Structures are given as structure tokens and as C-alpha cells.
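Student: Supplied structure: data-v6.cif, mmCIF, C-alpha atoms.
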data_query
#
loop_
_atom_site.group_PDB
_atom_site.id
_atom_site.type_symbol
_atom_site.label_atom_id
_atom_site.label_comp_id
_atom_site.auth_asym_id
_atom_site.auth_seq_id
_atom_site.Cartn_x
_atom_site.Cartn_y
_atom_site.Cartn_z
ATOM 1 C CA MET A 89 -110.322 2.099 -98.785
ATOM 2 C CA ALA A 90 -111.415 -1.139 -97.335
ATOM 3 C CA GLY A 91 -111.165 -2.296 -93.770
ATOM 4 C CA ARG A 92 -109.793 -5.701 -92.823
ATOM 5 C CA ASN A 93 -111.805 -7.353 -90.116
ATOM 6 C CA GLY A 94 -115.381 -7.874 -89.163
ATOM 7 C CA GLY A 95 -116.986 -9.474 -92.206
ATOM 8 C CA ALA A 96 -117.762 -7.078 -94.986
ATOM 9 C CA PRO A 97 -115.351 -4.251 -94.159
ATOM 10 C CA GLY A 98 -112.411 -6.668 -94.262
ATOM 11 C CA CYS A 99 -113.148 -7.645 -97.850
ATOM 12 C CA ARG A 100 -112.985 -11.256 -96.784
ATOM 13 C CA PRO A 101 -116.516 -12.404 -97.613
ATOM 14 C CA ASP A 102 -118.596 -14.649 -95.436
ATOM 15 C CA PRO A 103 -119.648 -18.006 -96.910
ATOM 16 C CA GLU A 104 -122.816 -16.311 -98.128
ATOM 17 C CA PRO A 105 -122.750 -13.140 -100.275
ATOM 18 C CA TRP A 106 -122.790 -10.028 -98.154
ATOM 19 C CA THR A 107 -125.499 -7.536 -99.019
ATOM 20 C CA PRO A 108 -126.182 -5.060 -96.207
ATOM 21 C CA PRO A 109 -129.624 -3.479 -95.948
ATOM 22 C CA GLY A 110 -130.025 -0.146 -97.635
ATOM 23 C CA GLY A 111 -128.835 -1.032 -101.093
ATOM 24 C CA VAL A 112 -125.053 -1.398 -100.868
ATOM 25 C CA ARG A 113 -124.087 -3.106 -104.081
ATOM 26 C CA SER A 114 -122.716 -6.628 -104.402
ATOM 27 C CA ARG A 115 -120.675 -8.803 -102.093
ATOM 28 C CA CYS A 116 -117.449 -7.511 -100.657
ATOM 29 C CA THR A 117 -114.776 -8.097 -103.245
ATOM 30 C CA VAL A 118 -111.641 -6.136 -103.811
ATOM 31 C CA THR A 119 -112.598 -3.811 -106.651
ATOM 32 C CA ALA A 120 -110.754 -0.634 -105.743
ATOM 33 C CA GLY A 121 -107.529 -2.220 -104.543
ATOM 34 C CA MET A 122 -104.167 -2.892 -106.059
ATOM 35 C CA ALA A 123 -104.175 -3.209 -109.834
ATOM 36 C CA SER A 124 -101.767 -6.164 -109.991
ATOM 37 C CA ARG A 125 -99.560 -8.511 -108.056
ATOM 38 C CA GLU A 126 -96.617 -6.875 -109.814
ATOM 39 C CA GLU A 127 -97.262 -3.587 -108.008
ATOM 40 C CA ALA A 128 -97.344 -5.446 -104.690
ATOM 41 C CA GLU A 129 -93.976 -7.026 -105.507
ATOM 42 C CA VAL A 130 -92.457 -3.642 -106.373
ATOM 43 C CA GLN A 131 -93.695 -2.128 -103.121
ATOM 44 C CA VAL A 132 -92.396 -5.018 -101.019
ATOM 45 C CA SER A 133 -88.992 -4.812 -102.721
ATOM 46 C CA GLU A 134 -88.718 -1.093 -102.065
ATOM 47 C CA LEU A 135 -89.757 -1.459 -98.428
ATOM 48 C CA GLU A 136 -87.161 -4.218 -97.962
ATOM 49 C CA LEU A 137 -84.533 -1.932 -99.493
ATOM 50 C CA LEU A 138 -85.476 0.895 -97.133
ATOM 51 C CA SER A 139 -85.356 -1.487 -94.177
ATOM 52 C CA SER A 140 -81.865 -2.695 -95.120
ATOM 53 C CA MET A 141 -80.539 0.833 -95.693
ATOM 54 C CA PHE A 142 -82.137 2.269 -92.564
ATOM 55 C CA PRO A 143 -82.292 -0.598 -90.044
ATOM 56 C CA ARG A 144 -82.889 1.511 -86.933
ATOM 57 C CA ARG A 145 -86.432 2.396 -85.864
ATOM 58 C CA GLU A 146 -85.300 5.991 -85.503
ATOM 59 C CA GLU A 147 -84.631 6.051 -89.258
ATOM 60 C CA PHE A 148 -87.389 3.913 -90.763
ATOM 61 C CA LEU A 149 -90.543 2.584 -89.112
ATOM 62 C CA VAL A 150 -93.577 0.845 -90.602
ATOM 63 C CA THR A 151 -96.518 2.181 -88.607
ATOM 64 C CA ASP A 152 -99.071 -0.369 -89.837
ATOM 65 C CA PRO A 153 -97.445 -3.844 -89.661
ATOM 66 C CA LEU A 154 -100.721 -5.589 -90.511
ATOM 67 C CA ALA A 155 -100.929 -3.711 -93.818
ATOM 68 C CA LEU A 156 -97.335 -4.744 -94.562
ATOM 69 C CA ALA A 157 -98.141 -8.385 -93.843
ATOM 70 C CA GLU A 158 -101.094 -8.265 -96.251
ATOM 71 C CA LEU A 159 -98.893 -6.655 -98.899
ATOM 72 C CA GLN A 160 -96.255 -9.373 -98.519
ATOM 73 C CA LEU A 161 -98.908 -12.092 -98.880
ATOM 74 C CA ALA A 162 -100.271 -10.425 -102.017
ATOM 75 C CA ALA A 163 -96.788 -10.272 -103.519
ATOM 76 C CA ALA A 164 -95.996 -13.887 -102.662
ATOM 77 C CA SER A 165 -99.119 -15.631 -103.963
ATOM 78 C CA GLU A 166 -101.510 -15.054 -106.815
ATOM 79 C CA ALA A 167 -104.218 -16.708 -104.732
ATOM 80 C CA ALA A 168 -103.858 -14.167 -101.915
ATOM 81 C CA GLU A 169 -106.283 -11.282 -101.625
ATOM 82 C CA MET A 170 -104.995 -7.861 -102.472
ATOM 83 C CA PRO A 171 -104.289 -5.580 -99.466
ATOM 84 C CA SER A 172 -107.196 -3.679 -97.996
ATOM 85 C CA SER A 173 -105.105 -0.807 -96.618
ATOM 86 C CA LYS A 174 -102.122 1.195 -97.790
ATOM 87 C CA VAL A 175 -98.783 0.542 -96.093
ATOM 88 C CA GLN A 176 -97.851 3.524 -93.951
ATOM 89 C CA PHE A 177 -94.376 4.274 -92.625
ATOM 90 C CA THR A 178 -92.088 7.040 -91.424
ATOM 91 C CA LEU A 179 -88.658 8.022 -92.731
ATOM 92 C CA ASN A 180 -86.652 10.376 -90.549
ATOM 93 C CA VAL A 181 -84.109 12.645 -92.228
ATOM 94 C CA LYS A 182 -81.443 14.801 -90.589
ATOM 95 C CA PRO A 183 -80.288 17.468 -93.037
ATOM 96 C CA GLU A 184 -77.669 20.003 -92.030
ATOM 97 C CA VAL A 185 -79.425 23.124 -90.795
ATOM 98 C CA PRO A 186 -77.209 26.043 -89.698
ATOM 99 C CA GLY A 187 -77.702 26.819 -86.029
ATOM 100 C CA ALA A 188 -79.650 23.602 -85.337
ATOM 101 C CA SER A 189 -77.506 20.752 -84.005
ATOM 102 C CA MET A 190 -80.297 18.140 -84.080
ATOM 103 C CA ALA A 191 -82.486 19.005 -87.022
ATOM 104 C CA GLU A 192 -84.878 16.141 -87.781
ATOM 105 C CA PHE A 193 -87.507 16.042 -90.483
ATOM 106 C CA SER A 194 -90.083 13.245 -90.484
ATOM 107 C CA MET A 195 -91.474 11.988 -93.766
ATOM 108 C CA VAL A 196 -94.878 10.432 -93.031
ATOM 109 C CA CYS A 197 -95.466 8.170 -96.021
ATOM 110 C CA ALA A 198 -98.118 5.933 -97.550
ATOM 111 C CA LEU A 199 -97.923 3.884 -100.731
ATOM 112 C CA PRO A 200 -101.127 4.072 -102.811
ATOM 113 C CA PHE A 201 -102.375 0.769 -104.191
ATOM 114 C CA LYS A 202 -101.271 1.746 -107.695
ATOM 115 C CA TYR A 203 -97.798 2.961 -106.667
ATOM 116 C CA PRO A 204 -95.382 3.321 -108.437
ATOM 117 C CA THR A 205 -97.753 4.110 -111.305
ATOM 118 C CA VAL A 206 -98.877 7.028 -109.147
ATOM 119 C CA PRO A 207 -96.608 8.997 -106.765
ATOM 120 C CA PRO A 208 -96.338 8.126 -103.072
ATOM 121 C CA GLU A 209 -98.202 10.148 -100.450
ATOM 122 C CA ILE A 210 -95.676 12.023 -98.296
ATOM 123 C CA THR A 211 -96.061 14.707 -95.647
ATOM 124 C CA VAL A 212 -92.905 16.256 -94.174
ATOM 125 C CA ARG A 213 -93.012 17.580 -90.622
ATOM 126 C CA SER A 214 -90.451 19.171 -88.305
ATOM 127 C CA PRO A 215 -90.550 21.310 -85.157
ATOM 128 C CA LEU A 216 -88.163 23.667 -86.964
ATOM 129 C CA LEU A 217 -90.814 24.531 -89.534
ATOM 130 C CA SER A 218 -93.569 27.048 -89.086
ATOM 131 C CA ARG A 219 -96.947 26.087 -90.458
ATOM 132 C CA SER A 220 -96.501 28.182 -93.583
ATOM 133 C CA GLN A 221 -93.017 26.737 -94.200
ATOM 134 C CA GLN A 222 -94.338 23.201 -93.829
ATOM 135 C CA ILE A 223 -97.123 23.888 -96.322
ATOM 136 C CA GLN A 224 -94.641 25.313 -98.840
ATOM 137 C CA LEU A 225 -92.161 22.459 -98.430
ATOM 138 C CA ASN A 226 -94.846 19.811 -98.908
ATOM 139 C CA SER A 227 -96.276 21.641 -101.905
ATOM 140 C CA ASP A 228 -92.844 21.757 -103.561
ATOM 141 C CA LEU A 229 -92.193 18.091 -102.715
ATOM 142 C CA LYS A 230 -95.517 17.122 -104.280
ATOM 143 C CA THR A 231 -94.571 19.017 -107.445
ATOM 144 C CA TYR A 232 -91.223 17.210 -107.532
ATOM 145 C CA LEU A 233 -92.925 13.824 -107.131
ATOM 146 C CA MET A 234 -95.471 14.552 -109.867
ATOM 147 C CA GLN A 235 -92.704 15.560 -112.273
ATOM 148 C CA ASN A 236 -90.104 12.909 -111.452
ATOM 149 C CA CYS A 237 -91.754 9.904 -109.837
ATOM 150 C CA SER A 238 -94.093 8.218 -112.263
ATOM 151 C CA GLY A 239 -93.767 4.517 -112.990
ATOM 152 C CA GLU A 240 -90.592 3.863 -110.983
ATOM 153 C CA PRO A 241 -89.985 3.435 -107.233
ATOM 154 C CA CYS A 242 -88.908 6.803 -105.881
ATOM 155 C CA MET A 243 -88.867 6.786 -102.076
ATOM 156 C CA LEU A 244 -85.091 7.103 -101.973
ATOM 157 C CA SER A 245 -85.239 9.982 -104.444
ATOM 158 C CA ALA A 246 -87.896 11.678 -102.332
ATOM 159 C CA ARG A 247 -85.785 11.222 -99.199
ATOM 160 C CA GLU A 248 -82.759 12.711 -100.924
ATOM 161 C CA TRP A 249 -84.838 15.661 -102.095
ATOM 162 C CA VAL A 250 -85.950 16.340 -98.526
ATOM 163 C CA LYS A 251 -82.398 15.948 -97.215
ATOM 164 C CA ASP A 252 -81.047 18.363 -99.848
ATOM 165 C CA HIS A 253 -83.791 20.981 -99.712
ATOM 166 C CA ALA A 254 -85.435 20.958 -96.270
ATOM 167 C CA SER A 255 -82.922 23.286 -94.625
ATOM 168 C CA ALA A 256 -83.691 26.000 -97.178
ATOM 169 C CA TYR A 257 -87.244 26.273 -95.851
ATOM 170 C CA VAL A 258 -85.952 26.958 -92.352
ATOM 171 C CA ASP A 259 -83.495 29.552 -93.700
ATOM 172 C CA ARG A 260 -86.301 31.145 -95.671
ATOM 173 C CA GLU A 261 -88.017 32.288 -92.483
ATOM 174 C CA LEU A 262 -84.742 33.545 -90.989
ATOM 175 C CA SER A 263 -84.072 35.702 -94.026
ATOM 176 C CA SER A 264 -87.528 37.242 -93.842
ATOM 177 C CA SER A 265 -87.437 37.981 -90.120
ATOM 178 C CA SER A 266 -88.160 41.647 -90.715
ATOM 179 C CA VAL A 267 -91.802 40.781 -90.140
ATOM 180 C CA THR A 268 -92.681 40.791 -86.459
ATOM 181 C CA THR A 269 -93.648 37.545 -84.791
ATOM 182 C CA SER A 270 -97.171 38.719 -84.180
ATOM 183 C CA ASN A 271 -97.703 39.749 -87.785
ATOM 184 C CA ALA A 272 -96.155 36.526 -89.025
ATOM 185 C CA SER A 273 -98.476 34.422 -86.937
ATOM 186 C CA GLN A 274 -101.463 36.370 -88.178
ATOM 187 C CA SER A 275 -100.472 35.905 -91.824
ATOM 188 C CA GLU A 276 -99.967 32.128 -91.549
ATOM 189 C CA ASP A 277 -102.659 30.010 -93.053
ATOM 190 C CA VAL A 278 -104.843 28.043 -90.681
ATOM 191 C CA ILE A 279 -105.219 24.349 -91.509
ATOM 192 C CA PHE A 280 -108.673 22.802 -91.318
ATOM 193 C CA THR A 281 -108.463 19.026 -90.899
ATOM 194 C CA ARG A 282 -110.922 16.164 -91.193
ATOM 195 C CA LEU A 283 -109.879 12.723 -89.934
ATOM 196 C CA TRP A 284 -111.660 9.516 -90.915
ATOM 197 C CA ILE A 285 -110.770 6.894 -88.320
ATOM 198 C CA TYR A 286 -111.388 3.147 -88.656
ATOM 199 C CA SER A 287 -111.503 0.750 -85.702
ATOM 200 C CA HIS A 288 -112.008 -3.003 -85.720
ATOM 201 C CA HIS A 289 -114.808 -2.356 -83.236
ATOM 202 C CA ILE A 290 -116.018 0.221 -80.715
ATOM 203 C CA TYR A 291 -117.999 -1.360 -77.870
ATOM 204 C CA ASN A 292 -116.571 0.003 -74.615
ATOM 205 C CA LYS A 293 -118.861 2.617 -73.053
ATOM 206 C CA GLN A 294 -115.967 4.612 -71.577
ATOM 207 C CA LYS A 295 -114.233 4.852 -74.950
ATOM 208 C CA ARG A 296 -117.478 5.995 -76.541
ATOM 209 C CA LYS A 297 -117.843 8.619 -73.823
ATOM 210 C CA ASN A 298 -114.228 9.751 -74.274
ATOM 211 C CA ILE A 299 -114.706 10.240 -77.999
ATOM 212 C CA ILE A 300 -117.675 12.557 -77.481
ATOM 213 C CA GLU A 301 -116.194 14.467 -74.547
ATOM 214 C CA TRP A 302 -112.767 14.977 -76.121
ATOM 215 C CA ALA A 303 -114.329 16.206 -79.358
ATOM 216 C CA LYS A 304 -116.410 18.713 -77.409
ATOM 217 C CA GLU A 305 -113.374 19.870 -75.422
ATOM 218 C CA LEU A 306 -111.365 20.379 -78.621
ATOM 219 C CA SER A 307 -114.200 22.079 -80.560
ATOM 220 C CA LEU A 308 -114.406 19.254 -83.080
ATOM 221 C CA SER A 309 -117.490 18.199 -84.996
ATOM 222 C CA GLY A 310 -118.220 14.941 -86.792
ATOM 223 C CA PHE A 311 -119.753 11.642 -85.725
ATOM 224 C CA SER A 312 -118.937 8.330 -84.082
ATOM 225 C CA MET A 313 -120.488 5.024 -85.143
ATOM 226 C CA PRO A 314 -119.978 2.320 -82.503
ATOM 227 C CA GLY A 315 -120.158 -1.399 -83.206
ATOM 228 C CA LYS A 316 -118.180 -3.564 -85.583
ATOM 229 C CA PRO A 317 -116.525 -1.935 -87.421
ATOM 230 C CA GLY A 318 -116.246 1.396 -85.633
ATOM 231 C CA VAL A 319 -116.139 4.626 -87.615
ATOM 232 C CA VAL A 320 -115.153 8.024 -86.220
ATOM 233 C CA CYS A 321 -114.956 11.300 -88.120
ATOM 234 C CA VAL A 322 -113.656 14.486 -86.491
ATOM 235 C CA GLU A 323 -113.119 17.870 -88.121
ATOM 236 C CA GLY A 324 -111.747 21.197 -86.926
ATOM 237 C CA LEU A 325 -108.396 22.913 -86.458
ATOM 238 C CA GLN A 326 -105.469 20.689 -87.416
ATOM 239 C CA SER A 327 -103.815 20.954 -83.991
ATOM 240 C CA ASN A 328 -107.044 19.926 -82.260
ATOM 241 C CA CYS A 329 -107.605 16.965 -84.593
ATOM 242 C CA ASP A 330 -104.032 15.812 -84.011
ATOM 243 C CA GLU A 331 -104.514 16.099 -80.251
ATOM 244 C CA PHE A 332 -107.743 14.093 -80.481
ATOM 245 C CA TRP A 333 -105.999 11.341 -82.459
ATOM 246 C CA SER A 334 -103.087 11.323 -80.013
ATOM 247 C CA ARG A 335 -105.479 10.673 -77.124
ATOM 248 C CA VAL A 336 -107.633 8.106 -78.906
ATOM 249 C CA ARG A 337 -104.773 5.981 -80.232
ATOM 250 C CA ARG A 338 -103.302 5.667 -76.717
ATOM 251 C CA LEU A 339 -106.372 3.716 -75.620
ATOM 252 C CA THR A 340 -106.356 -0.073 -75.958
ATOM 253 C CA TRP A 341 -107.691 -1.205 -79.338
ATOM 254 C CA LYS A 342 -107.626 -4.413 -81.325
ATOM 255 C CA ARG A 343 -106.924 -2.223 -84.331
ATOM 256 C CA ILE A 344 -107.350 1.465 -85.061
ATOM 257 C CA LEU A 345 -105.964 3.714 -87.788
ATOM 258 C CA ILE A 346 -106.599 6.879 -89.757
ATOM 259 C CA ARG A 347 -108.231 5.639 -92.957
ATOM 260 C CA HIS A 348 -108.236 9.044 -94.660
ATOM 261 C CA ARG A 349 -107.110 12.566 -93.826
ATOM 262 C CA GLU A 350 -108.186 15.868 -95.357
ATOM 263 C CA ASP A 351 -106.194 19.066 -94.793
ATOM 264 C CA VAL A 352 -107.422 22.397 -96.180
ATOM 265 C CA SER A 353 -105.402 25.583 -95.936
ATOM 266 C CA LEU A 354 -107.543 28.581 -94.962
ATOM 267 C CA GLU A 355 -106.030 31.957 -95.714
ATOM 268 C CA GLY A 356 -106.749 34.194 -92.767
ATOM 269 C CA GLY A 357 -108.423 31.353 -90.901
ATOM 270 C CA GLY A 358 -111.223 33.300 -89.249
ATOM 271 C CA HIS A 359 -114.074 31.633 -87.379
ATOM 272 C CA ALA A 360 -116.433 32.071 -90.336
ATOM 273 C CA GLU A 361 -113.993 30.333 -92.703
ATOM 274 C CA ILE A 362 -113.587 27.423 -90.322
ATOM 275 C CA GLN A 363 -117.338 27.033 -89.881
ATOM 276 C CA LYS A 364 -117.825 27.106 -93.643
ATOM 277 C CA GLN A 365 -115.597 24.033 -94.015
ATOM 278 C CA ARG A 366 -117.519 21.937 -91.518
ATOM 279 C CA LYS A 367 -119.795 19.194 -92.817
ATOM 280 C CA PHE A 368 -121.128 18.450 -89.324
ATOM 281 C CA SER A 369 -122.478 20.910 -86.768
ATOM 282 C CA THR A 370 -121.373 18.975 -83.684
ATOM 283 C CA LEU A 371 -120.074 15.520 -82.819
ATOM 284 C CA GLU A 372 -122.677 12.931 -81.982
ATOM 285 C CA GLU A 373 -122.861 9.172 -81.777
ATOM 286 C CA LYS A 374 -124.796 7.666 -84.689
ATOM 287 C CA CYS A 375 -126.397 4.212 -84.608
ATOM 288 C CA PHE A 376 -127.895 2.897 -87.834
ATOM 289 C CA ASP A 377 -130.471 0.164 -87.134
ATOM 290 C CA ALA A 378 -128.154 -1.988 -84.985
ATOM 291 C CA HIS A 379 -128.622 -5.713 -85.613
ATOM 292 C CA GLY A 380 -126.811 -9.029 -85.320
ATOM 293 C CA PRO A 381 -126.596 -11.501 -82.403
ATOM 294 C CA ARG A 382 -125.085 -8.859 -80.136
ATOM 295 C CA GLY A 383 -126.733 -5.860 -81.714
ATOM 296 C CA ASN A 384 -123.313 -4.602 -82.732
ATOM 297 C CA HIS A 385 -123.580 -4.445 -86.530
ATOM 298 C CA MET A 386 -124.912 -1.278 -88.141
ATOM 299 C CA ASP A 387 -126.938 -0.959 -91.316
ATOM 300 C CA LEU A 388 -124.204 0.186 -93.694
ATOM 301 C CA GLY A 389 -126.794 1.229 -96.255
ATOM 302 C CA GLN A 390 -128.077 3.820 -93.786
ATOM 303 C CA LEU A 391 -124.501 4.885 -93.060
ATOM 304 C CA TYR A 392 -123.967 5.462 -96.779
ATOM 305 C CA GLN A 393 -127.154 7.558 -97.019
ATOM 306 C CA PHE A 394 -126.004 9.609 -94.016
ATOM 307 C CA LEU A 395 -122.587 10.227 -95.624
ATOM 308 C CA GLU A 396 -124.257 11.131 -98.906
ATOM 309 C CA GLN A 397 -126.415 13.729 -97.144
ATOM 310 C CA LYS A 398 -123.246 15.252 -95.684
ATOM 311 C CA GLY A 399 -121.433 15.313 -99.017
ATOM 312 C CA CYS A 400 -119.027 12.536 -98.006
ATOM 313 C CA ALA A 401 -120.305 9.577 -100.050
ATOM 314 C CA ASP A 402 -116.871 8.874 -101.561
ATOM 315 C CA ILE A 403 -115.550 7.983 -98.106
ATOM 316 C CA PHE A 404 -117.734 4.861 -98.006
ATOM 317 C CA GLN A 405 -115.664 3.069 -100.617
ATOM 318 C CA MET A 406 -112.441 4.039 -98.824
ATOM 319 C CA TYR A 407 -113.734 2.265 -95.739
ATOM 320 C CA PHE A 408 -115.477 -0.760 -97.179
ATOM 321 C CA GLY A 409 -114.162 -1.334 -100.699
ATOM 322 C CA VAL A 410 -117.618 -1.254 -102.327
ATOM 323 C CA GLU A 411 -119.758 1.523 -103.683
ATOM 324 C CA GLY A 412 -123.039 2.452 -102.063
ATOM 325 C CA HIS A 413 -126.239 3.763 -103.594
#
In C-alpha cells, write the structure found in this file.
Tutor:
Amino acid sequence: MAGRNGGAPGCRPDPEPWTPPGGVRSRCTVTAGMASREEAEVQVSELELLSSMFPRREEFLVTDPLALAELQLAAASEAAEMPSSKVQFTLNVKPEVPGASMAEFSMVCALPFKYPTVPPEITVRSPLLSRSQQIQLNSDLKTYLMQNCSGEPCMLSAREWVKDHASAYVDRELSSSSVTTSNASQSEDVIFTRLWIYSHHIYNKQKRKNIIEWAKELSLSGFSMPGKPGVVCVEGLQSNCDEFWSRVRRLTWKRILIRHREDVSLEGGGHAEIQKQRKFSTLEEKCFDAHGPRGNHMDLGQLYQFLEQKGCADIFQMYFGVEGH
């Protein structure tokens, strides 16, 4: 997925064709974005419908307003560039759960560029759900979306499904409470997470220090590439990755977001299984032949080669909208 600002990553080309050293192909044009203006119009219409039906922030909240603005421009004008990032938003649902007066389930949503041709990306979370319940609920929701949401807008249908079915996943644990708490916690799958974070830029020395120190504290591996744009990858236990992101996003940024997230369920979740999933041994700051007037632009060709060595080459196009080689 492409970034927005800072020359090439924003897919808004400079007056001269952009060809970074290291063999990244072609100038930065939108090649992996939205298939048509029609899809942008459908997405805008559905988001406007959701906003009118759920006007309070506690019910519906777009978490990336800049992505929404780009989507609206793409829908309004054929001359506008297609969006460089998926619109992300949260829908909060309050189904009736016996014994829980304030049961809230959050649907963390993103609309893929080709939605509604492809289903939306939705993750349901709630403090009432154990990890295993959350995994099961999201798996069943994904199945429902694959079977029922192809070609037509379906966010309202997905919300209704969550409202109608979410309470059953809480009840499911209550009905199987014969298992002791200790045994239940041991049998739950551990989630291994990898976050790919995009920032408009990372210059500040204290922020760079925080990234490295917090990753070490939370037993996360990965890498951080300062400059413009800034790229951070962290991997480890899901709870630790979420804590890292919570800390980082609270700092002052021109723009920062999770460009891509990978969650892998590990049955048993022992140390060996976790280590096997890692693509990086530790977290270190990586600089790739810094250049430019301020020495703040990295050689993206070298970044691509580094990602390729780590088995992550596909991430490059998600960040910058072009393929590397």
C-alpha cells in the first residue's frame, strides 16, 4: 500500500520521474490502488450512510480522516488520484449479553481498494471475550463475509451479524466453565503479531531512541528506518505489539499509521514457536545510504533488498505502491 507524503511514497510524483537507486521500477504511479472511480463512489456512499445512521463518535469513528478525504476526492473527480491508503474506521456495537449491563464490541474496519468486489476487513474486539473466543468470532465473521458479501456494500449486514451473534461467543465460555481457569489459559492460542508502521518522517532523536528502547523492553524484534518516510516494523506477542503501538502513537507526529498487520495464531505458544515466527533477531535502526539535501532520504532500492532477504518483499508495494527488484 502506498504512502501519501514525501515524494515517491505519496504516489504524487515529482516533476521529474522518480527512480530510486537500487533498481526500483518506474516512477511512482498508482498501479495497485483502487480499480475504478465507481468503487470510490460506492465506498463514500456507504461511509456517509454509516455516519448518518450512527452520528455519535461512540458509535462510528473514522480513524484516518486523511484517507477519507483522498477517497472523497477520488469519487468526486476523474482527474483526482486514487487513494493511497485504505479508509479505516470503528463501529461500536452493544448486543444484549446476559449478566453484562454494558457489553460493547468494537468492529475495527478497513475498506480494501477493491471493496465491495472483495469483502471488508473487520476485526471484532471486546473485553468480554477471551483470546480464543475472539479468534473464533472473527473466523466465523470472515466466513460469513466471504459467503454473503461479494459485490455489494455489506457493512450494515456485518454489523447486524455481530449484534445478533456476538453474545453467543461470551455464553460459549460460560457453558464450558468446567475447565479450570489455569487450564483454560494454557489451552488458549498465543497470537504472534507483526506490525508495519508508516510515518511521514522520523527525525527526532528521542523518538528514535524510544522506538529501540520500547521494543527491547517489550521483547519485540524488527527494524526502524528513520528519515522521510519513516518505516518501523515490530514483531512479537500481540499484547506487546499493541502496547508498543499505543506508546508510539501518543507521541507527536505529522502522520503515523499501521500500514499492515499480521496476526498468526500459535497453538500452545511456547518460546520455540514464537522464535520460529520471527523474521528479525532483534530490533535495530537501519539506514540505507542516506542522501538528499538534509541526508534524510534513504535508498529505497536497498530497503527492498533488505526486505527481500527477510522474506518480506511484498511489503514494499504496500508501502510505496511500486514493485521492487
Student: Nearest residue to Lys316 of chain A out of A:Asn292, A:Asn328, A:Thr205, A:Gln363, using all atoms listed in the file?
Tutor: A:Asn292
Student: Can you pull out the residues contacting Ala162 of chain A? Cut-off 9 Å, using only C-alpha atoms, and skip same-chain residues under 5 positions away; I want them as a ChimeraX atom specification.
Tutor: /A:125,128-129,157,167-171
Student: For atom CA of Arg247 of chain A and atom CA of Thr178 of chain A, determine how far apart the two atoms are, in Å to one decimal place.
Tutor: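 These two atoms are separated by 10.8 Å.
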Student: Report as a ChimeraX atom specification the full result of the PyMOL selection byres ((chain A and resi 195) around 12) when it is applied to this structure.
Tutor: /A:146-150,176-182,192-194,196-198,208-214,222,225-226,229,243-244,246-251,254
Student: Given the file above and the PyMOL selection byres ((chain A and resi 302) around 10), which residues are selected, and can you give them as a ChimeraX atom specification?
Tutor: /A:297-301,303-308,328,331-333,335-336,371
Student: Give the centre and edge lengths of an axis-aligned box, in Å to one decimal, that holds all listed atoms of segment 284-293 of chain A with 8 Å on each side, as lines of an AutoDock Vina configuration file.
Tutor:
center_x = -114.8
center_y = 3.3
center_z = -82.0
size_x = 24.1
size_y = 28.5
size_z = 33.9
